[in-house]
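Listing of coords_2.txt; format and content: compact mmCIF, C-alpha atoms.
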# COMPACT_ATOMS: atom_id res chain seq x y z
CA MET A 880 -37.30 25.79 25.60
CA ALA A 881 -34.31 23.99 26.95
CA ALA A 882 -31.49 23.29 24.55
CA LEU A 883 -30.74 19.68 23.75
CA GLN A 884 -27.56 18.48 25.42
CA PRO A 885 -25.43 15.90 23.56
CA PHE A 886 -24.41 12.78 25.38
CA LYS A 887 -20.88 12.53 26.68
CA CYS A 888 -19.28 9.55 25.05
CA GLY A 889 -16.06 7.92 26.06
CA VAL A 890 -13.19 8.46 23.65
CA VAL A 891 -11.90 5.41 21.89
CA GLY A 892 -8.13 5.36 22.14
CA VAL A 893 -6.10 4.80 19.01
CA ARG A 894 -4.13 1.96 20.56
CA SER A 895 -7.33 0.16 21.57
CA LEU A 896 -8.44 -0.54 18.00
CA PRO A 897 -7.45 -3.74 16.22
CA LEU A 898 -4.69 -3.12 13.68
CA PHE A 899 -4.96 -5.25 10.58
CA GLU A 900 -1.65 -6.40 9.11
CA GLY A 901 -2.83 -8.74 6.39
CA LEU A 902 -5.25 -10.89 8.41
CA ARG A 903 -3.45 -10.52 11.73
CA VAL A 904 -5.23 -8.69 14.53
CA ALA A 905 -2.73 -6.96 16.80
CA PRO A 906 -3.33 -7.25 20.57
CA THR A 907 -4.73 -4.15 22.30
CA ASP A 908 -3.30 -2.39 25.33
CA GLY A 909 -6.54 -1.30 26.96
CA TYR A 910 -10.29 -1.03 26.82
CA ALA A 911 -12.37 0.85 24.27
CA SER A 912 -15.37 2.71 25.62
CA SER A 913 -18.44 3.96 23.82
CA CYS A 914 -21.99 5.00 24.59
CA ILE A 915 -25.32 3.72 23.36
CA GLY A 916 -28.38 5.98 23.79
CA THR A 917 -28.32 6.48 27.56
CA PRO A 918 -25.83 8.92 29.15
CA GLY A 919 -23.41 7.19 31.46
CA LEU A 920 -23.89 3.76 29.91
CA VAL A 921 -20.39 2.67 28.92
CA LEU A 922 -19.49 -0.58 27.18
CA LYS A 923 -16.01 -1.93 27.65
CA SER A 924 -14.47 -4.19 25.06
CA ARG A 925 -12.47 -7.23 25.96
CA ARG A 926 -8.78 -7.43 25.21
CA PHE A 927 -7.75 -9.31 22.06
CA SER A 928 -5.23 -12.08 22.69
CA GLY A 929 -3.31 -11.89 19.42
CA LEU A 930 -5.89 -13.47 17.13
CA VAL A 931 -4.26 -14.71 13.90
CA VAL A 932 -6.25 -15.89 10.89
CA LYS A 933 -4.35 -18.10 8.43
CA SER A 934 -5.56 -19.05 4.99
CA ALA A 935 -2.78 -21.59 4.36
CA THR A 936 -2.75 -25.17 5.63
CA VAL A 937 0.09 -25.50 8.15
CA ILE A 938 2.11 -28.71 7.77
CA SER A 939 3.42 -30.03 11.09
CA PRO A 940 7.23 -29.90 11.58
CA LYS A 941 7.23 -33.67 12.15
CA TYR A 942 6.81 -34.12 8.37
CA SER A 943 10.09 -33.62 6.50
CA SER A 944 8.86 -33.83 2.89
CA ILE A 945 5.80 -33.54 0.66
CA LYS A 946 5.37 -35.81 -2.37
CA PRO A 947 2.70 -34.62 -4.84
CA VAL A 948 0.40 -37.30 -6.25
CA GLY A 949 -0.53 -37.73 -9.90
CA ASP A 950 -0.21 -34.65 -12.07
CA ARG A 951 0.27 -32.28 -9.15
CA VAL A 952 3.25 -30.00 -8.54
CA LEU A 953 4.59 -28.38 -5.36
CA VAL A 954 5.78 -24.80 -5.84
CA LYS A 955 7.64 -22.67 -3.29
CA ILE A 956 6.00 -19.25 -3.61
CA LYS A 957 8.11 -16.22 -4.39
CA SER A 958 7.73 -13.62 -1.64
CA SER A 959 5.62 -10.50 -2.25
CA GLU A 960 7.35 -7.27 -3.14
CA GLU A 961 7.55 -5.12 0.00
CA GLN A 962 8.50 -1.91 -1.78
CA THR A 963 7.33 -0.01 -4.82
CA SER A 964 9.80 0.83 -7.58
CA GLY A 965 10.19 4.23 -5.90
CA GLY A 966 11.21 2.66 -2.59
CA ILE A 967 7.93 3.23 -0.72
CA LEU A 968 7.16 0.46 1.76
CA LEU A 969 3.82 -1.25 1.13
CA PRO A 970 1.47 -2.47 3.88
CA THR A 971 0.64 -6.16 3.72
CA THR A 972 -2.86 -5.44 2.40
CA ALA A 973 -1.45 -3.49 -0.57
CA GLN A 974 1.21 -5.99 -1.61
CA THR A 975 0.54 -7.76 -4.88
CA LYS A 976 -0.09 -11.45 -4.38
CA PRO A 977 2.73 -13.30 -6.15
CA GLN A 978 1.97 -15.65 -9.03
CA SER A 979 5.41 -17.17 -9.38
CA GLY A 980 7.72 -19.56 -7.59
CA GLU A 981 10.12 -22.49 -7.82
CA VAL A 982 9.08 -26.08 -8.48
CA VAL A 983 10.36 -28.15 -5.53
CA ALA A 984 8.56 -31.48 -6.09
CA VAL A 985 6.46 -33.16 -8.77
CA GLY A 986 4.08 -36.12 -8.98
CA GLU A 987 4.46 -39.22 -11.09
CA GLY A 988 2.28 -37.83 -13.88
CA ARG A 989 -1.01 -38.98 -15.40
CA THR A 990 -2.38 -41.65 -17.67
CA ILE A 991 -4.31 -41.12 -20.91
CA GLY A 992 -5.65 -44.43 -22.17
CA LYS A 993 -2.66 -46.76 -21.94
CA ILE A 994 -0.08 -43.98 -22.22
CA GLU A 995 1.70 -42.70 -19.11
CA ILE A 996 2.61 -39.03 -19.32
CA LYS A 997 5.29 -37.67 -17.02
CA ILE A 998 5.20 -34.17 -15.52
CA GLY A 999 6.65 -31.80 -18.13
CA VAL A 1000 8.22 -29.35 -15.66
CA GLU A 1001 11.45 -30.16 -13.87
CA VAL A 1002 12.29 -29.50 -10.23
CA GLY A 1003 14.15 -26.20 -9.88
CA LYS A 1004 12.29 -24.40 -12.68
CA GLN A 1005 10.87 -20.94 -12.03
CA VAL A 1006 7.20 -20.96 -13.01
CA VAL A 1007 4.17 -18.67 -13.21
CA TYR A 1008 0.78 -20.09 -12.23
CA SER A 1009 -2.90 -19.17 -12.40
CA LYS A 1010 -3.92 -16.62 -9.78
CA TYR A 1011 -6.52 -18.65 -7.87
CA ALA A 1012 -5.15 -22.14 -8.43
CA GLY A 1013 -4.07 -24.76 -5.92
CA THR A 1014 -3.93 -25.14 -2.16
CA GLU A 1015 -1.65 -22.94 -0.07
CA LEU A 1016 0.64 -24.69 2.42
CA GLU A 1017 2.97 -23.40 5.10
CA PHE A 1018 5.88 -25.86 5.17
CA ASN A 1019 9.38 -25.54 6.69
CA GLY A 1020 8.76 -21.87 7.40
CA SER A 1021 7.92 -21.00 3.77
CA ASN A 1022 4.72 -20.61 1.78
CA HIS A 1023 4.07 -23.27 -0.86
CA LEU A 1024 1.33 -24.02 -3.37
CA LEU A 1025 0.16 -27.52 -4.30
CA LEU A 1026 -1.52 -27.40 -7.71
CA LYS A 1027 -2.16 -29.36 -10.90
CA GLU A 1028 0.40 -29.16 -13.68
CA ASP A 1029 -2.28 -27.70 -15.97
CA ASP A 1030 -2.54 -24.67 -13.66
CA LEU A 1031 1.06 -23.71 -14.49
CA ILE A 1032 0.99 -20.88 -17.04
CA GLY A 1033 4.61 -20.99 -18.12
CA ILE A 1034 8.30 -21.04 -17.26
CA LEU A 1035 9.90 -17.69 -16.43
CA GLU A 1036 13.61 -17.68 -15.59
CA THR A 1037 13.90 -13.85 -15.56
CA ASP A 1038 11.89 -11.08 -13.87
CA ASP A 1039 10.26 -9.88 -17.10
CA ILE A 1040 7.00 -11.40 -18.35
CA LYS A 1041 8.17 -10.86 -21.94
CA ASP A 1042 10.51 -13.84 -21.47
CA LEU A 1043 7.73 -16.25 -20.46
CA GLU A 1044 7.72 -19.68 -22.12
CA PRO A 1045 4.01 -20.69 -22.21
CA LEU A 1046 3.10 -24.24 -21.21
CA ASN A 1047 0.56 -26.56 -22.81
CA ASP A 1048 -1.98 -24.72 -24.99
CA ARG A 1049 -1.32 -21.26 -23.58
CA VAL A 1050 -0.37 -18.18 -25.57
CA LEU A 1051 1.54 -15.04 -24.49
CA ILE A 1052 0.02 -11.91 -26.01
CA LYS A 1053 1.15 -8.29 -25.93
CA VAL A 1054 -2.02 -6.25 -25.47
CA ALA A 1055 -2.65 -3.48 -28.00
CA GLU A 1056 -2.79 0.04 -26.61
CA ALA A 1057 -6.22 1.57 -26.08
CA GLU A 1058 -7.50 3.95 -28.74
CA GLU A 1059 -6.99 7.64 -27.94
CA LYS A 1060 -9.92 8.82 -30.08
CA THR A 1061 -13.35 7.63 -31.13
CA ALA A 1062 -14.14 6.98 -34.80
CA GLY A 1063 -15.54 10.52 -34.97
CA GLY A 1064 -12.30 12.07 -33.67
CA LEU A 1065 -13.41 12.68 -30.06
CA LEU A 1066 -10.52 12.49 -27.61
CA LEU A 1067 -10.99 9.91 -24.87
CA THR A 1068 -9.93 10.32 -21.24
CA GLN A 1069 -8.12 7.52 -19.45
CA ALA A 1070 -11.33 6.58 -17.66
CA THR A 1071 -13.40 6.30 -20.85
CA LYS A 1072 -10.90 4.35 -22.93
CA GLU A 1073 -12.24 0.89 -23.63
CA LYS A 1074 -9.84 -1.85 -22.63
CA PRO A 1075 -8.75 -3.59 -25.84
CA SER A 1076 -9.17 -7.32 -26.40
CA VAL A 1077 -6.72 -7.29 -29.29
CA GLY A 1078 -3.01 -8.08 -29.20
CA THR A 1079 0.04 -9.60 -30.83
CA VAL A 1080 1.13 -13.20 -30.23
CA ILE A 1081 4.59 -13.17 -28.60
CA ALA A 1082 5.03 -16.86 -27.70
CA VAL A 1083 3.05 -20.09 -28.08
CA GLY A 1084 3.04 -23.24 -25.95
CA PRO A 1085 3.62 -26.74 -27.40
CA GLY A 1086 -0.06 -27.70 -27.21
CA ASN A 1087 -2.09 -30.36 -25.39
CA ARG A 1088 -2.40 -34.13 -25.51
CA ASP A 1089 -5.42 -35.53 -27.35
CA LEU A 1090 -7.48 -38.54 -26.20
CA ASP A 1091 -4.86 -40.90 -27.66
CA GLY A 1092 -2.01 -39.17 -25.82
CA ASN A 1093 -0.60 -37.49 -28.95
CA TRP A 1094 0.38 -33.84 -29.09
CA SER A 1095 -2.18 -31.45 -30.54
CA PRO A 1096 -0.16 -28.29 -31.36
CA VAL A 1097 -1.43 -24.73 -31.03
CA LYS A 1098 -2.36 -23.41 -34.46
CA LEU A 1099 -1.28 -19.81 -33.92
CA ALA A 1100 1.83 -18.15 -35.31
CA VAL A 1101 4.09 -15.75 -33.42
CA GLY A 1102 3.52 -12.22 -34.71
CA SER A 1103 -0.17 -12.74 -35.52
CA THR A 1104 -2.65 -10.08 -34.43
CA ILE A 1105 -5.57 -11.73 -32.69
CA MET A 1106 -8.80 -10.91 -30.86
CA TYR A 1107 -9.45 -12.77 -27.60
CA SER A 1108 -12.26 -13.20 -25.09
CA LYS A 1109 -12.60 -10.10 -22.93
CA TYR A 1110 -12.42 -11.75 -19.50
CA ALA A 1111 -10.02 -14.59 -20.28
CA GLY A 1112 -6.49 -15.28 -19.06
CA SER A 1113 -4.07 -13.77 -16.57
CA GLU A 1114 -2.86 -10.19 -16.98
CA PHE A 1115 0.69 -8.99 -16.36
CA LYS A 1116 2.75 -5.83 -16.83
CA SER A 1117 6.37 -5.88 -18.02
CA SER A 1118 9.25 -3.83 -16.61
CA ASP A 1119 8.74 -1.14 -19.28
CA GLY A 1120 5.02 -0.79 -18.50
CA ALA A 1121 3.70 -2.78 -21.48
CA GLU A 1122 0.65 -4.95 -20.78
CA PHE A 1123 0.58 -8.68 -21.51
CA ILE A 1124 -1.96 -11.44 -21.11
CA VAL A 1125 -1.53 -15.21 -21.01
CA LEU A 1126 -4.54 -17.24 -22.08
CA ARG A 1127 -5.51 -20.57 -23.58
CA ALA A 1128 -5.57 -20.92 -27.36
CA SER A 1129 -9.29 -21.71 -27.13
CA ASP A 1130 -9.88 -18.16 -25.82
CA VAL A 1131 -8.57 -16.68 -29.09
CA MET A 1132 -11.64 -15.70 -31.11
CA ALA A 1133 -10.19 -14.45 -34.42
CA ILE A 1134 -7.04 -13.62 -36.35
CA LEU A 1135 -6.93 -10.06 -37.69
CA SER A 1136 -5.11 -9.09 -40.88
Any chance you could put this one into structure tokens?
Amino acid sequence: MAALQPFKCGVVGVRSLPLFEGLRVAPTDGYASSCIGTPGLVLKSRRFSGLVVKSATVISPKYSSIKPVGDRVLVKIKSSEEQTSGGILLPTTAQTKPQSGEVVAVGEGRTIGKIEIKIGVEVGKQVVYSKYAGTELEFNGSNHLLLKEDDLIGILETDDIKDLEPLNDRVLIKVAEAEEKTAGGLLLTQATKEKPSVGTVIAVGPGNRDLDGNWSPVKLAVGSTIMYSKYAGSEFKSSDGAEFIVLRASDVMAILS
């Protein structure tokens, strides 16, 4: 019985494959060949002509300024970190998407009833914002974000989340460390530790406006131990490795004592 002979397939060169740098497809230098079923049948791929996929809206250079409308704010996004703390360069796909930037323009504010409320954040302030908020813009060679004032989490003038000043009805919480043992004394591995939804209040925002335009303060005291909704808020890690979360006061479920 004759032995089965494998097909001879063309080798795909390394330089012929598309290289993904973020969402940029690098141009290829040649053709990639492969085989499908029949020996000798070779498919050649076409050359890529530098395809670039952009998620941000590009503002034409003929426009010199952007003026937000209403309660919207324009933030110049802080660039992603290109290195780890140990100095290792990160590929674009592994870089953490920034959630902070500088306020460069603000709208005229909003109206509640007959009361006009100005934007509470000044131009030049360094702010932190919700992860999936706003519309990304590419303007004057820099990445910007156009978002509502309510999507701003807080003001952060340093590089440490512990110094965050929460805005509106948001609360900064230091997350409690996960339990090392079960109630019966069984040691837990890192993978089996349940993520806690308990923490200590570090800072509290001024509150929100009610239907009459008056301030409704947050009724939580700094230092309180609270339990919060498991999937609420935005998570951060401080320079010393401690975990923090910023969430709305309405996501606090109970005060523990």
Worksheet item: Taking into account all atoms listed in the file, which residue in the set A:Pro1045, A:Gly1092, A:Gly1102, A:Gly1033 is nearest to Lys993 in chain A?
Response: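 The closest residue to Lys993 in chain A is A:Gly1092.
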Worksheet item: Rounded to one decimal in Å, what is the spacing between CA of Ser979 in chain A and CA of Ile991 in chain A?
Response: 28.3 Å
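Checking A:Ser1108, A:Thr1079, A:Ser1095, A:Ser958 one by one against Ile1052 in chain A, counting all atoms listed in the file, you find the shortest gap at A:Thr1079.
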Item to complete: Determine the nearest neighbour of Val1054 in chain A from the options A:Asn1019, A:Ser1136, A:Thr990, A:Ser1113, counting all atoms listed in the file.
Response: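 With all atoms listed in the file as the atom set, the closest residue is A:Ser1113.
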Discussion item. Using all atoms listed in the file for the distances, tell me which of A:Lys955, A:Arg1088, A:Lys1098, A:Lys1116 is nearest to Gly992 in chain A.
Written reply: A:Arg1088
Might you pull out every residue within 8 Å of range 1120-1135 of chain A, with all atoms listed in the file counted and same-chain residues fewer than 6 positions away left off, and present them as an mmCIF file with C-alpha atoms, in the frame of the given file?
data_model
loop_
_atom_site.group_PDB
_atom_site.id
_atom_site.type_symbol
_atom_site.label_atom_id
_atom_site.label_comp_id
_atom_site.auth_asym_id
_atom_site.auth_seq_id
_atom_site.Cartn_x
_atom_site.Cartn_y
_atom_site.Cartn_z
ATOM 1 C CA ILE A 1032 0.990 -20.880 -17.040
ATOM 2 C CA ILE A 1040 7.000 -11.400 -18.350
ATOM 3 C CA LYS A 1041 8.170 -10.860 -21.940
ATOM 4 C CA PRO A 1045 4.010 -20.690 -22.210
ATOM 5 C CA ASP A 1048 -1.980 -24.720 -24.990
ATOM 6 C CA ARG A 1049 -1.320 -21.260 -23.580
ATOM 7 C CA VAL A 1050 -0.370 -18.180 -25.570
ATOM 8 C CA LEU A 1051 1.540 -15.040 -24.490
ATOM 9 C CA ILE A 1052 0.020 -11.910 -26.010
ATOM 10 C CA LYS A 1053 1.150 -8.290 -25.930
ATOM 11 C CA VAL A 1054 -2.020 -6.250 -25.470
ATOM 12 C CA VAL A 1097 -1.430 -24.730 -31.030
ATOM 13 C CA LEU A 1099 -1.280 -19.810 -33.920
ATOM 14 C CA SER A 1103 -0.170 -12.740 -35.520
ATOM 15 C CA THR A 1104 -2.650 -10.080 -34.430
ATOM 16 C CA ILE A 1105 -5.570 -11.730 -32.690
ATOM 17 C CA MET A 1106 -8.800 -10.910 -30.860
ATOM 18 C CA TYR A 1107 -9.450 -12.770 -27.600
ATOM 19 C CA SER A 1108 -12.260 -13.200 -25.090
ATOM 20 C CA ALA A 1111 -10.020 -14.590 -20.280
ATOM 21 C CA GLY A 1112 -6.490 -15.280 -19.060
ATOM 22 C CA SER A 1113 -4.070 -13.770 -16.570
ATOM 23 C CA GLU A 1114 -2.860 -10.190 -16.980
#
Worksheet, complete the sentence: Among A:Gly999, A:Leu1090, A:Val1083, A:Glu981, Glu1036 in chain A is approached most closely, using all atoms listed in the file, by A:Glu981
Discussion item. Need to verify the contact set: Ser1021 in chain A, 9 Å, only C-alpha atoms, exclusion of same-chain residues closer than 4 positions in sequence. Can you return it as a list in words?
Written reply: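 The filter keeps Lys955, Ile956, Leu1016 and Glu1017 of chain A.
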Worksheet entry | Counting all atoms listed in the file, the option among A:Val1000, A:Ser1076, A:Asn1022, A:Ala1012 closest to Glu1044 in chain A |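 Looking only at the distances to Glu1044 in chain A, the closest residue turns out to be A:Val1000.
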Practice prompt. Find the distance between CA of Leu1043 in chain A and CA of Val1006 in chain A and write it in Å to one decimal.
Written response: 8.8 Å
Worksheet entry | Gap from CA of Ile994 in chain A to CA of Val1007 in chain A - Å, one decimal | 27.2 Å
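Residue neighbourhood of Pro1096 in chain A, excluding near-sequence residues (fewer than 5 positions): A:Pro1085, A:Gly1086, A:Asn1087, at 7 Å, using all atoms listed in the file.
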Taking every listed atom of range 1045-1059 of chain A and adding 6 Å to each side, what centre and edge lengths in Å (one decimal) does the axis-aligned box have, as AutoDock Vina command-line options?
--center_x -1.7 --center_y -9.5 --center_z -25.0 --size_x 23.5 --size_y 46.2 --size_z 19.5
